[in-house]
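Remarks on the structure that follows.
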Amino acid sequence: MCVIAWEHLRPAIERNAIQVLLTDHHYWGGLRRTRELTAVCEAFGIALSMHSNSHLGISLAAMTHVASAIPDLDHSCDTHYPWNSADDVIVPGALELRDGAVTVPSGPGLGVELDHDALDRLHRLYVDSGMRSRDDTGYMRRVRPEYELRLPRW
């Protein structure tokens, strides 16, 4: 069962359809709402992990902060950041994967600083590309050229 919104949670719990929920602050309403979600999962004995996709450093910083506020994060968190870190919009150095972990940034806000030149460059690239919808298959083929989109086998 794919549980990515609050309205999916009750039927999933009633049917015992999930044992591990992949949280994602983009889907669940931000950092505070994700933290609230963890309390619901704890009450119903649902384990937690975190999902990511092709996020940049701002998103990883947010994910890292909310993960640090979840006392019972039962499973390793997922990140695609190593694939994207070379083309990031934050100043290098605030986020580093070391031995499978990211230290929570300690600076103001999310603890990362925008690289405004990189942000402008990537924004121009986006505008010039003409793309206005997701292409996860194309994205995955950059890393795994043989990738084919298939429906999952549940």
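Letters A, B, ... mark the chains of the structure tokens in the order given; residue numbers begin at 1 per chain; ligand numbers begin at 1, in order shown.
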>> List as a PyMOL selection string the protein and nucleic acid residues near range 28-41 of chain A, meaning an atom at most 12 Å away when only C-alpha atoms are counted, but skip any in the same chain fewer than 4 places from it.
In response: chain A and resi 3-10+12-13+18-24+45-51+59-74+110
Keeping C-alpha atoms, export the residues of the selection given above as a CSV table (one decimal), in the first residue's frame.
chain,number,residue,atom,x,y,z
A,3,VAL,CA,0.7,5.7,2.1
A,4,ILE,CA,1.8,9.3,1.2
A,5,ALA,CA,-0.9,11.5,2.8
A,6,TRP,CA,-2.9,11.8,6.0
A,7,GLU,CA,-6.0,10.5,4.3
A,8,HIS,CA,-4.2,7.3,3.4
A,9,LEU,CA,-3.1,6.6,7.0
A,10,ARG,CA,-6.4,5.5,8.6
A,12,ALA,CA,-3.7,1.6,6.1
A,13,ILE,CA,-3.8,1.2,9.9
A,18,ILE,CA,2.0,-1.2,6.5
A,19,GLN,CA,4.6,-2.0,9.0
A,20,VAL,CA,7.1,0.7,8.0
A,21,LEU,CA,6.1,4.2,6.9
A,22,LEU,CA,8.4,6.1,4.7
A,23,THR,CA,8.0,9.7,5.8
A,24,ASP,CA,8.8,12.6,3.5
A,45,GLY,CA,3.3,0.4,16.4
A,46,ILE,CA,4.3,1.5,12.9
A,47,ALA,CA,8.0,1.7,12.3
A,48,LEU,CA,9.6,4.7,10.5
A,49,SER,CA,12.1,5.5,7.9
A,50,MET,CA,12.4,8.5,5.6
A,51,HIS,CA,12.1,8.7,1.8
A,59,SER,CA,15.8,19.3,1.3
A,60,LEU,CA,18.4,17.1,2.8
A,61,ALA,CA,19.1,19.6,5.6
A,62,ALA,CA,15.4,19.8,6.4
A,63,MET,CA,15.2,16.0,6.3
A,64,THR,CA,18.2,15.7,8.6
A,65,HIS,CA,16.7,18.2,11.1
A,66,VAL,CA,13.3,16.4,11.3
A,67,ALA,CA,15.1,13.0,11.5
A,68,SER,CA,17.0,14.2,14.5
A,69,ALA,CA,13.7,15.1,16.2
A,70,ILE,CA,12.2,11.6,15.8
A,71,PRO,CA,13.1,9.6,18.8
A,72,ASP,CA,12.2,6.2,17.3
A,73,LEU,CA,13.5,6.4,13.7
A,74,ASP,CA,13.6,2.6,13.3
A,110,LEU,CA,18.4,24.8,8.4
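Neighbours of Tyr81 in chain A closer than or equal to 9 Å, with only C-alpha atoms counted and sequence neighbours fewer than 6 positions away skipped, come out as Ser52, Asn53, Ser54, His55, Leu56, Gly57, Leu60 and Leu97 of chain A.
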Mind dumping the selected residues with C-alpha atoms as an mmCIF file, in the first residue's frame?
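Result file follows (selection39.cif):
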data_model
loop_
_atom_site.group_PDB
_atom_site.id
_atom_site.type_symbol
_atom_site.label_atom_id
_atom_site.label_comp_id
_atom_site.auth_asym_id
_atom_site.auth_seq_id
_atom_site.Cartn_x
_atom_site.Cartn_y
_atom_site.Cartn_z
ATOM 1 C CA SER A 52 13.798 11.038 -0.565
ATOM 2 C CA ASN A 53 14.055 11.523 -4.260
ATOM 3 C CA SER A 54 16.235 13.769 -6.334
ATOM 4 C CA HIS A 55 16.542 16.384 -3.625
ATOM 5 C CA LEU A 56 19.200 19.040 -3.154
ATOM 6 C CA GLY A 57 20.934 20.189 -0.003
ATOM 7 C CA LEU A 60 18.436 17.064 2.845
ATOM 8 C CA LEU A 97 27.745 11.926 4.177
#
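The gap separating CA of Glu113 in chain A from CA of Ile58 in chain A is 8.7 Å, in Å to one decimal.
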>> I need the residues of chain A that end up classed as alpha helix (DSSP H) by DSSP on the backbone, written out as number ranges by chain.
In response: A: 6-14, 31-43, 57-68, 81-84, 116-129, 136-143
> So which bits of chain A end up strand (DSSP E) when you DSSP the backbone, as a ChimeraX atom specification?
Replying inline: /A:20-23,47-50,97-98,101-102
>> I'd like the contact shell of Thr137 in chain A - 8 Å cut-off, only C-alpha atoms, skipping same-chain residues fewer than 4 positions apart - returned as an MDAnalysis selection string.
In response: chainID A and resid 141 147:149
>> Set the distance at 12 Å and use only C-alpha atoms: which residues neighbour Asp117 in chain A once local chain neighbours fewer than 5 positions away are removed? I'd like the list as a list in words.
In response: Asp87, Asp88, Val89, Ile90, Val91, Leu122, His123 and Arg124 of chain A
Keeping only C-alpha atoms, take the residues you just selected and write them out as a PDB file, in the first residue's frame.
ATOM      1  CA  ASP A  87      25.051  20.391  -8.743  1.00  0.00           C
ATOM      2  CA  ASP A  88      23.708  21.825  -5.515  1.00  0.00           C
ATOM      3  CA  VAL A  89      22.266  25.201  -4.563  1.00  0.00           C
ATOM      4  CA  ILE A  90      23.918  25.379  -1.146  1.00  0.00           C
ATOM      5  CA  VAL A  91      27.435  26.425  -0.264  1.00  0.00           C
ATOM      6  CA  LEU A 122      20.145  26.040 -12.148  1.00  0.00           C
ATOM      7  CA  HIS A 123      17.030  28.208 -12.419  1.00  0.00           C
ATOM      8  CA  ARG A 124      18.130  29.368 -15.893  1.00  0.00           C
TER       9      ARG A 124
END
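Closest approach to Leu95 in chain A among A:Asp136, A:Val112, A:Pro145, A:Gly107 is made by A:Val112 (distances from only C-alpha atoms).
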